[in-house]
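Q: You'll find protein-v1.txt just under this line, and it carries compact mmCIF, C-alpha atoms.
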```txt
# COMPACT_ATOMS: atom_id res chain seq x y z
CA MET A 1 11.93 119.10 -21.00
CA SER A 2 12.38 122.50 -19.40
CA LEU A 3 14.86 124.96 -20.82
CA GLU A 4 17.10 127.42 -19.07
CA THR A 5 16.38 130.98 -20.12
CA ARG A 6 19.15 132.77 -18.24
CA GLU A 7 21.19 135.05 -20.51
CA HIS A 8 24.97 135.05 -20.25
CA SER A 9 27.31 138.00 -20.63
CA MET A 10 29.96 137.69 -23.35
CA HIS A 11 33.50 138.56 -22.25
CA TRP A 12 35.33 141.20 -24.30
CA TRP A 13 38.01 138.67 -25.33
CA ALA A 14 35.34 136.36 -26.77
CA VAL A 15 33.87 139.33 -28.68
CA LEU A 16 37.30 139.99 -30.17
CA GLN A 17 37.66 136.34 -31.14
CA VAL A 18 34.30 136.07 -32.88
CA SER A 19 35.14 139.35 -34.63
CA LEU A 20 38.23 137.68 -36.09
CA VAL A 21 36.08 134.89 -37.54
CA ASN A 22 33.67 137.46 -38.97
CA ALA A 23 36.60 139.32 -40.54
CA ALA A 24 38.02 136.09 -42.01
CA VAL A 25 34.78 135.31 -43.84
CA ALA A 26 34.43 138.86 -45.14
CA LEU A 27 38.04 139.00 -46.30
CA MET A 28 37.52 135.94 -48.48
CA ILE A 29 34.52 137.55 -50.14
CA LEU A 30 36.17 140.98 -50.56
CA PRO A 31 38.34 140.30 -53.65
CA LEU A 32 35.39 138.75 -55.47
CA ASN A 33 33.24 141.86 -55.12
CA SER A 34 35.94 144.53 -55.35
CA THR A 35 38.46 143.21 -57.90
CA LEU A 36 37.50 140.01 -59.71
CA ASN A 37 34.07 141.36 -60.71
CA ARG A 38 35.67 144.38 -62.40
CA VAL A 39 38.32 142.25 -64.14
CA MET A 40 35.71 139.81 -65.46
CA ILE A 41 33.41 142.55 -66.80
CA ASN A 42 35.90 145.19 -67.94
CA GLU A 43 39.12 143.35 -68.83
CA LEU A 44 37.72 139.92 -69.82
CA ARG A 45 34.54 141.39 -71.39
CA LEU A 46 32.25 138.82 -69.83
CA SER A 47 28.53 139.41 -69.46
CA ALA A 48 27.61 141.34 -66.31
CA THR A 49 24.76 138.89 -65.76
CA LEU A 50 27.14 135.89 -65.85
CA VAL A 51 29.53 137.60 -63.45
CA ALA A 52 26.69 138.53 -61.09
CA VAL A 53 25.37 134.95 -61.08
CA LEU A 54 28.82 133.49 -60.36
CA ILE A 55 29.53 135.89 -57.51
CA SER A 56 26.03 135.23 -56.16
CA LEU A 57 26.29 131.44 -56.23
CA ARG A 58 26.91 131.44 -52.50
CA PHE A 59 23.35 132.68 -52.13
CA ILE A 60 21.81 129.92 -54.23
CA THR A 61 22.78 127.41 -51.53
CA SER A 62 21.64 129.79 -48.77
CA PRO A 63 18.57 127.66 -47.81
CA THR A 64 21.10 125.29 -46.23
CA ARG A 65 21.71 127.96 -43.57
CA ILE A 66 18.49 126.99 -41.82
CA TRP A 67 19.39 123.29 -41.93
CA PHE A 68 22.97 123.96 -40.78
CA GLY A 69 21.60 126.06 -37.93
CA ARG A 70 19.23 123.31 -36.85
CA VAL A 71 21.92 120.63 -37.05
CA SER A 72 24.34 122.72 -34.99
CA ASP A 73 21.59 123.28 -32.39
CA THR A 74 21.05 119.57 -31.94
CA ARG A 75 24.20 117.71 -33.07
CA PRO A 76 27.40 118.95 -31.43
CA ILE A 77 30.80 117.75 -32.61
CA GLY A 78 33.18 117.02 -29.75
CA GLY A 79 30.73 118.63 -27.35
CA LEU A 80 30.73 121.92 -29.32
CA HIS A 81 27.67 123.09 -31.25
CA ARG A 82 29.30 125.70 -33.50
CA THR A 83 33.11 125.48 -33.63
CA TRP A 84 33.78 122.46 -35.84
CA TYR A 85 31.03 123.37 -38.30
CA ILE A 86 32.70 126.78 -38.68
CA VAL A 87 36.07 125.09 -39.29
CA ILE A 88 34.61 122.94 -42.08
CA GLY A 89 33.00 126.00 -43.64
CA ILE A 90 36.26 128.01 -43.62
CA VAL A 91 38.15 125.17 -45.31
CA LEU A 92 35.54 125.03 -48.08
CA MET A 93 35.71 128.81 -48.51
CA ALA A 94 39.49 128.78 -48.82
CA ALA A 95 39.40 126.03 -51.44
CA GLY A 96 36.85 127.93 -53.50
CA LEU A 97 38.69 131.24 -53.13
CA VAL A 98 42.12 130.11 -54.37
CA SER A 99 40.57 128.43 -57.42
CA ALA A 100 38.29 131.37 -58.33
CA PRO A 101 40.78 133.56 -60.27
CA HIS A 102 42.14 130.54 -62.16
CA VAL A 103 38.74 129.50 -63.46
CA ALA A 104 37.61 133.09 -64.13
CA LEU A 105 40.67 133.79 -66.27
CA ALA A 106 40.13 130.49 -68.12
CA ILE A 107 36.57 131.29 -69.23
CA PRO A 108 37.51 133.25 -72.41
CA ARG A 109 39.86 130.45 -73.46
CA LEU A 110 37.81 127.39 -72.49
CA GLY A 111 34.28 128.66 -73.11
CA LEU A 112 31.57 126.43 -71.64
CA PRO A 113 33.93 124.09 -69.74
CA GLY A 114 35.49 127.16 -68.13
CA ILE A 115 32.06 128.44 -67.10
CA LEU A 116 31.21 125.06 -65.56
CA LEU A 117 34.47 125.04 -63.61
CA ALA A 118 33.69 128.56 -62.41
CA PHE A 119 30.28 127.42 -61.17
CA LEU A 120 31.97 124.60 -59.25
CA SER A 121 34.60 126.87 -57.68
CA PHE A 122 32.18 129.63 -56.68
CA GLY A 123 29.67 127.03 -55.49
CA VAL A 124 32.15 125.41 -53.08
CA LEU A 125 33.02 128.82 -51.68
CA GLY A 126 29.32 129.56 -51.29
CA LEU A 127 28.64 126.37 -49.37
CA GLY A 128 31.39 127.32 -46.94
CA VAL A 129 29.92 130.79 -46.46
CA ASN A 130 26.50 129.36 -45.68
CA LEU A 131 27.89 126.85 -43.22
CA THR A 132 30.01 129.41 -41.37
CA THR A 133 28.12 132.70 -41.25
CA PRO A 134 24.96 131.89 -39.23
CA LEU A 135 26.92 129.86 -36.71
CA TYR A 136 29.24 132.57 -35.44
CA PHE A 137 26.22 134.83 -35.03
CA ALA A 138 24.53 131.97 -33.18
CA LEU A 139 27.60 131.89 -30.93
CA VAL A 140 26.98 135.54 -30.09
CA ALA A 141 23.30 134.87 -29.41
CA ASP A 142 24.22 131.86 -27.24
CA GLN A 143 26.67 133.72 -25.05
CA SER A 144 25.46 137.35 -24.82
CA THR A 145 22.63 139.41 -23.36
CA GLU A 146 20.14 141.42 -25.39
CA THR A 147 21.57 144.75 -24.19
CA GLN A 148 25.08 143.62 -25.15
CA ARG A 149 24.22 142.65 -28.71
CA PRO A 150 24.15 146.07 -30.39
CA ARG A 151 27.59 146.81 -28.91
CA ILE A 152 28.88 143.37 -29.91
CA VAL A 153 27.64 143.79 -33.48
CA ALA A 154 29.20 147.25 -33.62
CA THR A 155 32.51 145.89 -32.31
CA MET A 156 32.46 142.99 -34.77
CA PHE A 157 31.84 145.25 -37.71
CA ILE A 158 34.22 147.99 -36.63
CA LEU A 159 37.00 145.39 -36.60
CA LEU A 160 35.63 144.00 -39.86
CA GLY A 161 35.62 147.49 -41.34
CA VAL A 162 39.20 148.16 -40.28
CA SER A 163 40.40 144.88 -41.78
CA SER A 164 38.37 145.43 -44.97
CA VAL A 165 39.69 148.96 -45.43
CA LEU A 166 43.28 147.83 -44.95
CA ALA A 167 42.74 144.83 -47.23
CA SER A 168 41.09 146.96 -49.95
CA PHE A 169 43.99 149.39 -50.10
CA ALA A 170 46.48 146.51 -49.93
CA ILE A 171 44.75 144.66 -52.77
CA GLY A 172 44.57 147.86 -54.80
CA ALA A 173 48.33 148.30 -54.44
CA ALA A 174 49.10 144.60 -55.01
CA VAL A 175 47.32 144.33 -58.37
CA GLU A 176 48.99 147.41 -59.90
CA PRO A 177 50.28 147.41 -62.49
CA TYR A 178 47.63 144.82 -63.26
CA THR A 179 48.74 141.35 -64.31
CA GLU A 180 46.99 138.00 -64.03
CA GLU A 181 49.85 136.66 -61.90
CA ARG A 182 49.41 139.48 -59.40
CA LEU A 183 45.67 138.84 -59.26
CA VAL A 184 46.11 135.13 -58.50
CA ARG A 185 48.76 135.80 -55.84
CA VAL A 186 46.41 138.16 -53.99
CA PHE A 187 43.78 135.42 -53.68
CA TYR A 188 46.26 132.95 -52.19
CA VAL A 189 47.49 135.46 -49.62
CA ILE A 190 43.96 136.38 -48.54
CA ALA A 191 42.99 132.71 -48.11
CA ALA A 192 46.04 132.09 -45.90
CA VAL A 193 45.36 135.17 -43.76
CA ALA A 194 41.69 134.19 -43.35
CA VAL A 195 42.54 130.66 -42.19
CA LEU A 196 45.00 132.08 -39.63
CA LEU A 197 42.42 134.57 -38.31
CA THR A 198 39.86 131.77 -37.96
CA ALA A 199 42.27 129.58 -36.01
CA LEU A 200 43.02 132.44 -33.60
CA GLY A 201 39.34 133.29 -33.31
CA LEU A 202 38.05 129.82 -32.46
CA ILE A 203 40.54 128.77 -29.77
CA ARG A 204 38.50 128.19 -26.59
CA LEU A 205 35.80 130.52 -27.88
CA GLU A 206 32.79 128.26 -27.39
CA ARG A 207 31.75 126.96 -23.98
CA LYS A 208 30.62 123.36 -23.83
CA ARG A 209 26.99 123.27 -22.88
CA GLY A 210 26.30 121.89 -19.46
CA THR A 211 24.57 123.54 -16.59
CA GLU A 212 25.76 127.00 -17.70
CA GLY A 213 24.19 127.17 -21.13
CA PRO A 214 20.75 126.64 -22.62
CA VAL A 215 19.76 123.04 -23.05
CA LEU A 216 18.78 122.48 -26.65
CA THR A 217 16.08 120.09 -27.68
CA ALA A 218 16.23 117.82 -30.68
CA VAL A 219 13.10 116.98 -32.57
CA GLN A 220 12.92 113.68 -34.37
CA PRO A 221 14.03 113.81 -38.03
CA GLU A 222 10.51 113.38 -39.39
CA ASN A 223 9.33 116.36 -37.34
CA ARG A 224 12.19 118.75 -38.12
CA THR A 225 10.77 120.19 -41.34
CA ARG A 226 7.38 120.78 -39.74
CA ALA A 227 8.98 122.35 -36.64
CA VAL A 228 11.01 124.83 -38.70
CA ARG A 229 7.98 125.61 -40.89
CA ASP A 230 5.82 126.28 -37.84
CA LEU A 231 8.42 128.56 -36.28
CA LEU A 232 8.88 130.67 -39.40
CA LEU A 233 5.53 130.66 -41.17
CA LYS A 234 3.05 130.82 -38.29
CA ASN A 235 4.48 134.00 -36.83
CA ARG A 236 3.40 137.10 -38.78
CA GLU A 237 6.25 139.16 -37.35
CA ALA A 238 8.77 136.59 -38.57
CA LEU A 239 7.37 136.84 -42.10
CA ARG A 240 7.35 140.63 -41.94
CA PHE A 241 10.96 140.72 -40.79
CA PHE A 242 11.93 138.29 -43.54
CA VAL A 243 10.40 140.61 -46.18
CA TYR A 244 12.09 143.66 -44.64
CA LEU A 245 15.49 141.95 -44.74
CA LEU A 246 14.98 140.97 -48.37
CA LEU A 247 14.09 144.52 -49.42
CA THR A 248 16.98 146.20 -47.64
CA PHE A 249 19.67 143.73 -48.62
CA ILE A 250 18.57 143.67 -52.27
CA ALA A 251 18.56 147.47 -52.34
CA VAL A 252 21.98 147.92 -50.74
CA GLU A 253 23.71 145.16 -52.70
CA ALA A 254 22.38 145.68 -56.25
CA GLN A 255 25.26 148.04 -57.07
CA GLU A 256 27.90 145.71 -55.60
CA VAL A 257 28.81 143.98 -58.86
CA ILE A 258 28.45 146.94 -61.22
CA LEU A 259 29.89 149.89 -59.27
CA GLU A 260 33.53 149.14 -60.16
CA PRO A 261 32.80 148.65 -63.89
CA TYR A 262 30.75 151.89 -63.76
CA ALA A 263 33.76 153.69 -62.24
CA ALA A 264 36.09 152.18 -64.84
CA GLN A 265 33.90 153.15 -67.79
CA PHE A 266 32.81 156.67 -66.86
CA PHE A 267 35.62 157.79 -64.56
CA GLN A 268 38.56 155.97 -66.24
CA MET A 269 39.68 154.42 -62.96
CA THR A 270 42.30 151.64 -62.94
CA PRO A 271 41.69 148.24 -61.25
CA GLY A 272 43.59 149.43 -58.19
CA GLU A 273 41.58 152.65 -57.97
CA THR A 274 38.22 150.92 -58.26
CA THR A 275 39.27 148.37 -55.63
CA ARG A 276 40.11 151.25 -53.28
CA LEU A 277 36.51 152.46 -53.56
CA THR A 278 35.68 149.51 -51.30
CA GLY A 279 38.13 150.87 -48.75
CA ILE A 280 36.52 154.32 -48.90
CA SER A 281 33.08 152.77 -48.36
CA GLY A 282 34.55 150.75 -45.50
CA ILE A 283 35.90 153.85 -43.76
CA ALA A 284 32.42 155.38 -43.95
CA SER A 285 30.87 152.23 -42.54
CA LEU A 286 33.33 152.33 -39.63
CA ILE A 287 32.02 155.76 -38.67
CA THR A 288 28.38 154.69 -38.60
CA LEU A 289 29.17 151.37 -36.96
CA ALA A 290 30.88 153.24 -34.14
CA LEU A 291 27.85 155.54 -33.77
CA GLY A 292 25.21 152.95 -34.56
CA ALA A 293 25.17 151.14 -31.24
CA VAL A 294 24.74 154.47 -29.43
CA LEU A 295 21.88 155.47 -31.73
CA VAL A 296 20.12 152.11 -31.37
CA ASN A 297 20.24 152.25 -27.59
CA ARG A 298 19.09 155.89 -27.48
CA ILE A 299 16.46 156.18 -30.23
CA GLY A 300 15.72 152.53 -31.09
CA HIS A 301 16.21 150.17 -34.01
CA LYS A 302 13.52 151.58 -36.30
CA PRO A 303 14.59 155.26 -36.30
CA THR A 304 18.24 154.23 -36.70
CA ALA A 305 17.47 151.95 -39.64
CA THR A 306 15.33 154.68 -41.25
CA ILE A 307 18.21 157.15 -41.00
CA GLY A 308 20.45 154.56 -42.67
CA ILE A 309 17.95 154.13 -45.51
CA GLY A 310 17.80 157.89 -46.08
CA VAL A 311 21.57 158.35 -46.12
CA ALA A 312 22.07 155.40 -48.48
CA SER A 313 19.46 156.82 -50.87
CA ILE A 314 21.27 160.17 -50.96
CA GLY A 315 24.53 158.35 -51.70
CA LEU A 316 22.96 156.54 -54.67
CA LEU A 317 21.61 159.81 -56.08
CA LEU A 318 25.08 161.33 -55.90
CA VAL A 319 26.62 158.26 -57.56
CA MET A 320 24.26 158.91 -60.46
CA ALA A 321 25.05 162.63 -60.52
CA GLY A 322 28.77 161.99 -61.01
CA GLY A 323 28.34 159.81 -64.11
CA PRO A 324 27.46 162.44 -66.75
CA MET A 325 30.31 164.69 -65.57
CA GLY A 326 32.91 161.97 -65.10
CA ASN A 327 33.81 163.66 -61.81
CA SER A 328 35.79 161.11 -59.80
CA THR A 329 35.85 163.36 -56.72
CA LEU A 330 32.05 163.43 -56.67
CA LEU A 331 31.93 159.66 -57.13
CA THR A 332 34.35 159.14 -54.23
CA GLY A 333 32.22 161.35 -51.98
CA ALA A 334 29.05 159.58 -53.09
CA VAL A 335 30.56 156.16 -52.30
CA PHE A 336 31.54 157.49 -48.88
CA ILE A 337 27.96 158.66 -48.17
CA LEU A 338 26.55 155.37 -49.48
CA GLY A 339 28.91 153.56 -47.10
CA LEU A 340 27.66 155.66 -44.18
CA GLY A 341 24.06 154.64 -44.84
CA ALA A 342 24.83 151.01 -45.64
CA GLY A 343 26.95 150.60 -42.49
CA LEU A 344 24.25 152.03 -40.24
CA LEU A 345 21.58 149.88 -41.86
CA THR A 346 23.70 146.73 -41.69
CA MET A 347 24.53 147.18 -38.00
CA THR A 348 20.88 147.80 -37.12
CA ASN A 349 19.66 144.84 -39.17
CA LEU A 350 22.13 142.46 -37.56
CA ALA A 351 21.20 143.63 -34.07
CA LEU A 352 17.54 143.09 -34.97
CA MET A 353 18.38 139.62 -36.31
CA MET A 354 19.78 138.55 -32.96
CA ASN A 355 16.81 140.03 -31.10
CA MET A 356 14.30 138.31 -33.39
CA THR A 357 15.02 134.89 -31.94
CA ASP A 358 14.64 132.92 -28.72
CA GLU A 359 17.01 130.81 -26.68
CA ARG A 360 15.44 127.50 -27.69
CA HIS A 361 15.77 128.06 -31.44
CA ALA A 362 18.71 130.45 -31.92
CA GLY A 363 20.26 128.34 -34.67
CA VAL A 364 16.99 128.01 -36.58
CA PHE A 365 16.01 131.67 -36.45
CA LEU A 366 19.49 133.02 -37.14
CA GLY A 367 19.73 130.52 -39.96
CA ALA A 368 16.45 131.86 -41.33
CA TRP A 369 17.54 135.50 -41.02
CA GLY A 370 20.87 134.56 -42.56
CA PHE A 371 18.90 132.92 -45.37
CA ALA A 372 16.93 136.15 -45.89
CA GLN A 373 20.16 138.12 -45.93
CA ALA A 374 21.74 135.69 -48.38
CA VAL A 375 18.72 135.71 -50.69
CA GLY A 376 18.60 139.50 -50.51
CA VAL A 377 22.29 140.03 -51.21
CA GLY A 378 22.34 137.36 -53.91
CA SER A 379 19.20 138.67 -55.58
CA GLY A 380 20.63 142.19 -55.37
CA ASN A 381 23.88 141.13 -57.04
CA ILE A 382 22.06 139.26 -59.78
CA LEU A 383 19.48 142.03 -60.21
CA GLY A 384 22.26 144.58 -60.62
CA GLY A 385 23.88 142.57 -63.41
CA VAL A 386 20.58 141.76 -65.12
CA LEU A 387 19.30 145.37 -64.96
CA ARG A 388 22.58 146.66 -66.32
CA ASP A 389 22.46 144.28 -69.31
CA LEU A 390 18.72 144.82 -69.78
CA GLY A 391 19.10 148.60 -69.63
CA LEU A 392 21.84 148.39 -72.25
CA LEU A 393 19.55 146.35 -74.48
CA LEU A 394 16.53 148.64 -74.02
CA PHE A 395 18.18 152.08 -74.00
CA GLY A 396 21.29 151.40 -76.06
CA GLY A 397 23.41 153.56 -73.76
CA GLN A 398 25.82 152.54 -71.02
CA LEU A 399 24.94 155.43 -68.70
CA ALA A 400 21.20 154.70 -68.83
CA SER A 401 21.84 151.01 -68.16
CA TYR A 402 23.70 151.80 -64.92
CA PHE A 403 21.12 154.39 -63.89
CA THR A 404 18.45 151.69 -64.14
CA VAL A 405 20.21 149.82 -61.33
CA PHE A 406 20.66 152.84 -59.04
CA VAL A 407 17.04 154.01 -59.39
CA GLY A 408 15.78 150.50 -58.66
CA GLU A 409 17.84 150.43 -55.44
CA ILE A 410 16.34 153.70 -54.21
CA ILE A 411 12.79 152.46 -54.84
CA LEU A 412 13.42 149.27 -52.84
CA LEU A 413 14.96 151.19 -49.93
CA LEU A 414 11.92 153.44 -49.68
CA ALA A 415 9.58 150.42 -49.90
CA ALA A 416 11.30 148.88 -46.85
CA VAL A 417 10.42 151.79 -44.54
CA PRO A 418 6.70 151.00 -43.96
CA VAL A 419 7.50 147.30 -43.49
CA LEU A 420 10.06 148.19 -40.84
CA TRP A 421 7.71 150.41 -38.86
CA LYS A 422 5.03 147.71 -38.71
CA LEU A 423 7.53 145.24 -37.23
CA SER A 424 7.29 144.33 -33.51
CA PRO A 425 10.02 142.16 -31.91
CA LEU A 426 7.88 142.11 -28.75
CA ARG A 427 4.94 140.49 -30.58
CA PHE A 428 7.38 138.09 -32.22
CA ARG A 429 8.62 136.86 -28.83
CA GLU A 430 5.12 136.71 -27.36
CA VAL A 431 3.95 134.40 -30.15
CA ASN A 432 6.94 132.11 -29.59
CA ARG A 433 6.42 132.01 -25.83
CA SER A 434 2.76 131.08 -26.25
CA ARG A 435 3.71 128.14 -28.44
CA PRO A 436 4.54 124.93 -26.55
CA ALA A 437 8.06 123.63 -26.75
CA PRO A 438 8.63 120.57 -28.99
CA GLN A 439 8.29 117.30 -27.11
CA ALA A 440 11.64 115.64 -27.55
CA ALA A 441 14.57 114.31 -25.62
CA ALA A 442 17.50 116.56 -24.97
CA TYR A 443 20.40 115.89 -27.29
CA PRO A 444 23.41 114.75 -25.25
CA THR A 445 26.34 117.12 -25.06
```
What does this structure look like when you write it as structure tokens?

A:
Amino acid sequence: MSLETREHSMHWWAVLQVSLVNAAVALMILPLNSTLNRVMINELRLSATLVAVLISLRFITSPTRIWFGRVSDTRPIGGLHRTWYIVIGIVLMAAGLVSAPHVALAIPRLGLPGILLAFLSFGVLGLGVNLTTPLYFALVADQSTETQRPRIVATMFILLGVSSVLASFAIGAAVEPYTEERLVRVFYVIAAVAVLLTALGLIRLERKRGTEGPVLTAVQPENRTRAVRDLLLKNREALRFFVYLLLTFIAVEAQEVILEPYAAQFFQMTPGETTRLTGISGIASLITLALGAVLVNRIGHKPTATIGIGVASIGLLLVMAGGPMGNSTLLTGAVFILGLGAGLLTMTNLALMMNMTDERHAGVFLGAWGFAQAVGVGSGNILGGVLRDLGLLLFGGQLASYFTVFVGEIILLLAAVPVLWKLSPLRFREVNRSRPAPQAAAYPT
């Protein structure tokens, strides 16, 4: 059956709405990576590897992103392909978030049963993340033009950055002086705010698909696995982009779990102060997100991403330089520079993700790129914890164990550069156009 290929412009109000959903998801992840990780490693004295694995559980279920994307392409709920799946995902995230501090604090007392409960709580949150995240990006791809997408991504992440910065400073103030009761209360408040933002963001956001939107095809169940495999594995550019995403996300995220404990140990920062480091990084990301769309449209995706890689590498070097001196001012500046590079790289990668797709398979491809992102971020989180513990075992010194993580990140960032420059979105689309569309009936909307 023929498919419409006309692109549709996304109204500014819809961009604001989808930005609220993006912010809601990020806000529910924020206290895990900026506060609970530090408390579990520094105050509760849990293994950094265990903490990294728990926080990264949402990435273990990340292969479901591709399946969720395919299901949302072909099986609308109430005539809507994305909205109700996002609602289900947000509810799961909220349930996992409010239980996370309870089970984390119970681990020292309960031992193995506490660890099992933590795996359950973090796993439920992770399933919600994987159901929600690719689908609001699919909404953008469904309803926007290619030239709009860099600006939309920039807008989404500028608003995300503003909310994250405000939330980071608010959390930092709310947990001081630190008590377990304060920690738990923060998680409940964030879950409530995120649910409210999602409700506001989804109202009348998605258009029902009729003559105005692309008609999606549905392959028969026995052919779905083969169709997805053909789309992803028989296109060399798709594989190359997958590898590039893995390298960059692993490199940027490996310090995510261990940066706050590093700041606590070598710079004597309190839980509130280390949480505020996330806000400082967020302010830096806001700057590059605001400039990123302009750079992408003027010099292209590849040069912009390469600049981001270079700036992030400099930030990591400065993070290392501050450790031996215990200079908190240098660390703060280094985190700011790292945020500049990471923000620019993130914006460029997300714009590339929405360009590396086609109208017939937006859910599948964005699910696949979301899977690559999830695997990269999850592997980076786990790698950071493992390298820190391994470095401590091998070198016997805390400083050397943290340096092992930072050096590994720089190596991976540099390795991503040649992969990026070999990538061709044009060849990617040409291969997909030359491939016949699946023979299947249109799924009724």

Q: Rank A:Phe403, A:Tyr136, A:Trp421, A:Phe428 by their smallest atom-to-atom distance to Gly201 (chain A), using all atoms listed in the file, and report the top residue only.

A: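 Of A:Phe403, A:Tyr136, A:Trp421, A:Phe428, the one nearest Gly201 (chain A), counting all atoms listed in the file, is A:Tyr136.
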
Q: Ranking A:Leu205, A:Val51, A:Leu159, A:Val375 by minimum distance to Ile107 (chain A) and counting all atoms listed in the file, which one comes first?

A: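 When distances to Ile107 (chain A) are compared using all atoms listed in the file, the smallest one comes from A:Val51.
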
Q: Just checking: using all atoms listed in the file, which residue out of A:Phe266, A:Ala24, A:Ala173, A:Leu105 ends up closest to Met40 (chain A)?

A: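 The shortest atom-to-atom distance to Met40 (chain A) comes from A:Leu105.
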
Q: Using all atoms listed in the file, which of the listed residues (A:Ser313, A:Thr198, A:Thr145, A:Ser19) sits closest to Met93 (chain A)?

A: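 Closest to Met93 (chain A), using all atoms listed in the file: A:Thr198.
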
Q: To one decimal in Å, tell me the separation between CA of Ile158 (chain A) and CA of Thr329 (chain A).

A: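 Result for CA of Ile158 (chain A) versus CA of Thr329 (chain A): 25.3 Å, one decimal.
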
Q: Using all atoms listed in the file, find the one residue out of A:Leu196, A:Val335, A:Met156, A:Leu112 that sits nearest to Ala290 (chain A).

A: A:Met156

Q: With all atoms listed in the file as the counted atoms, please give the residues lying no more than 10 Å from Gly380 (chain A), apart from itself and same-chain residues fewer than 5 positions off, as a ChimeraX atom specification.

A: /A:52,56,246-257,374-375,385-386,405,409

Q: Between CA of Gly408 (chain A) and CA of Phe336 (chain A), what distance in Å does the model show, to one decimal?

A: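 CA of Phe336 (chain A) lies at a distance of 19.8 Å from CA of Gly408 (chain A).
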
Q: Hey, which of A:Met347, A:Leu317, A:Ile258, A:Ile307 ends up closest to Ser285 (chain A)? Count all atoms listed in the file.

A: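 Using all atoms listed in the file, the shortest distance to Ser285 (chain A) belongs to A:Met347.
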
Q: Report as a ChimeraX atom specification all protein, DNA and RNA residues lying within 12 Å of Thr155 (chain A), evaluated on all atoms listed in the file, omitting residues in the same chain fewer than 3 positions from it.

A: /A:12-20,22-23,140,148-152,158-162,286-294,347,351

Q: Mind giving me the straight-line distance from CA of Ile77 (chain A) to CA of Trp369 (chain A) in Å, one decimal?

A: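 Between CA of Ile77 (chain A) and CA of Trp369 (chain A) the gap is 23.7 Å.
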
Q: Show which residues sit within 7 Å of Pro261 (chain A), as a VMD selection string. Count all atoms listed in the file, and ignore same-chain residues fewer than 2 positions away.

A: chain A and resid 38 41 to 42 258 to 259 263 to 265

Q: If we count only C-alpha atoms and set the cut-off at 7 Å, which residues sit around Ile190 (chain A), ignoring sequence neighbours fewer than 4 positions away in its own chain? Please answer as a PyMOL selection string.

A: chain A and resi 27-28+186+194

Q: Near Ser281 (chain A), counting all atoms listed in the file, which residues have an atom at most 9 Å away, once you skip same-chain residues fewer than 3 positions from it, shown as a PyMOL selection string?

A: chain A and resi 165+276-278+284-286+332+335-340+342-343

Q: What are the nearest atom pairs, with distances in Å to one decimal, for all residues of region 84-145 of chain A that come at most 12 Å from region 30-37 of chain A, using all atoms listed in the file, set out by chain and rising residue number as CSV?

A:
```
residue,atom,partner,partner_atom,distance
A:Gly96,CA,A:Leu32,CA,11.1
A:Leu97,CA,A:Leu32,CA,8.5
A:Val98,CA,A:Pro31,CA,10.9
A:Ser99,CA,A:Leu32,CA,11.7
A:Ala100,CA,A:Leu32,CA,8.4
A:Pro101,CA,A:Leu36,CA,7.3
A:His102,CA,A:Leu36,CA,10.8
A:Val103,CA,A:Leu36,CA,11.2
A:Ala104,CA,A:Leu36,CA,8.2
A:Leu105,CA,A:Leu36,CA,9.6
A:Phe122,CA,A:Leu32,CA,9.7
A:Leu125,CA,A:Leu32,CA,10.9
A:Gly126,CA,A:Leu32,CA,11.8
```

Q: Please extract region 54-81 of chain A and write it out with C-alpha atoms, as a PDB file, in the first residue's frame.

A:
```
ATOM      1  CA  LEU A  54      21.095  -0.683  39.954  1.00  0.00           C
ATOM      2  CA  ILE A  55      21.031   2.776  38.399  1.00  0.00           C
ATOM      3  CA  SER A  56      21.663   1.205  34.989  1.00  0.00           C
ATOM      4  CA  LEU A  57      18.882  -1.382  35.232  1.00  0.00           C
ATOM      5  CA  ARG A  58      16.730   0.780  32.994  1.00  0.00           C
ATOM      6  CA  PHE A  59      19.219   0.030  30.235  1.00  0.00           C
ATOM      7  CA  ILE A  60      19.078  -3.739  30.668  1.00  0.00           C
ATOM      8  CA  THR A  61      15.484  -3.690  29.420  1.00  0.00           C
ATOM      9  CA  SER A  62      16.377  -1.224  26.645  1.00  0.00           C
ATOM     10  CA  PRO A  63      15.948  -3.810  23.818  1.00  0.00           C
ATOM     11  CA  THR A  64      12.210  -3.426  24.461  1.00  0.00           C
ATOM     12  CA  ARG A  65      12.480   0.083  22.968  1.00  0.00           C
ATOM     13  CA  ILE A  66      12.555  -1.377  19.471  1.00  0.00           C
ATOM     14  CA  TRP A  67       9.536  -3.577  20.189  1.00  0.00           C
ATOM     15  CA  PHE A  68       7.632  -0.726  21.858  1.00  0.00           C
ATOM     16  CA  GLY A  69       8.403   1.475  18.861  1.00  0.00           C
ATOM     17  CA  ARG A  70       7.123  -1.139  16.434  1.00  0.00           C
ATOM     18  CA  VAL A  71       3.963  -1.770  18.466  1.00  0.00           C
ATOM     19  CA  SER A  72       3.210   1.952  18.672  1.00  0.00           C
ATOM     20  CA  ASP A  73       3.709   2.237  14.895  1.00  0.00           C
ATOM     21  CA  THR A  74       1.131  -0.433  14.194  1.00  0.00           C
ATOM     22  CA  ARG A  75      -1.215  -0.709  17.204  1.00  0.00           C
ATOM     23  CA  PRO A  76      -2.764   2.602  18.268  1.00  0.00           C
ATOM     24  CA  ILE A  77      -4.751   2.895  21.486  1.00  0.00           C
ATOM     25  CA  GLY A  78      -7.879   4.996  21.102  1.00  0.00           C
ATOM     26  CA  GLY A  79      -6.691   6.082  17.668  1.00  0.00           C
ATOM     27  CA  LEU A  80      -3.389   7.427  19.071  1.00  0.00           C
ATOM     28  CA  HIS A  81      -0.059   5.750  18.321  1.00  0.00           C
TER      29      HIS A  81
END
```
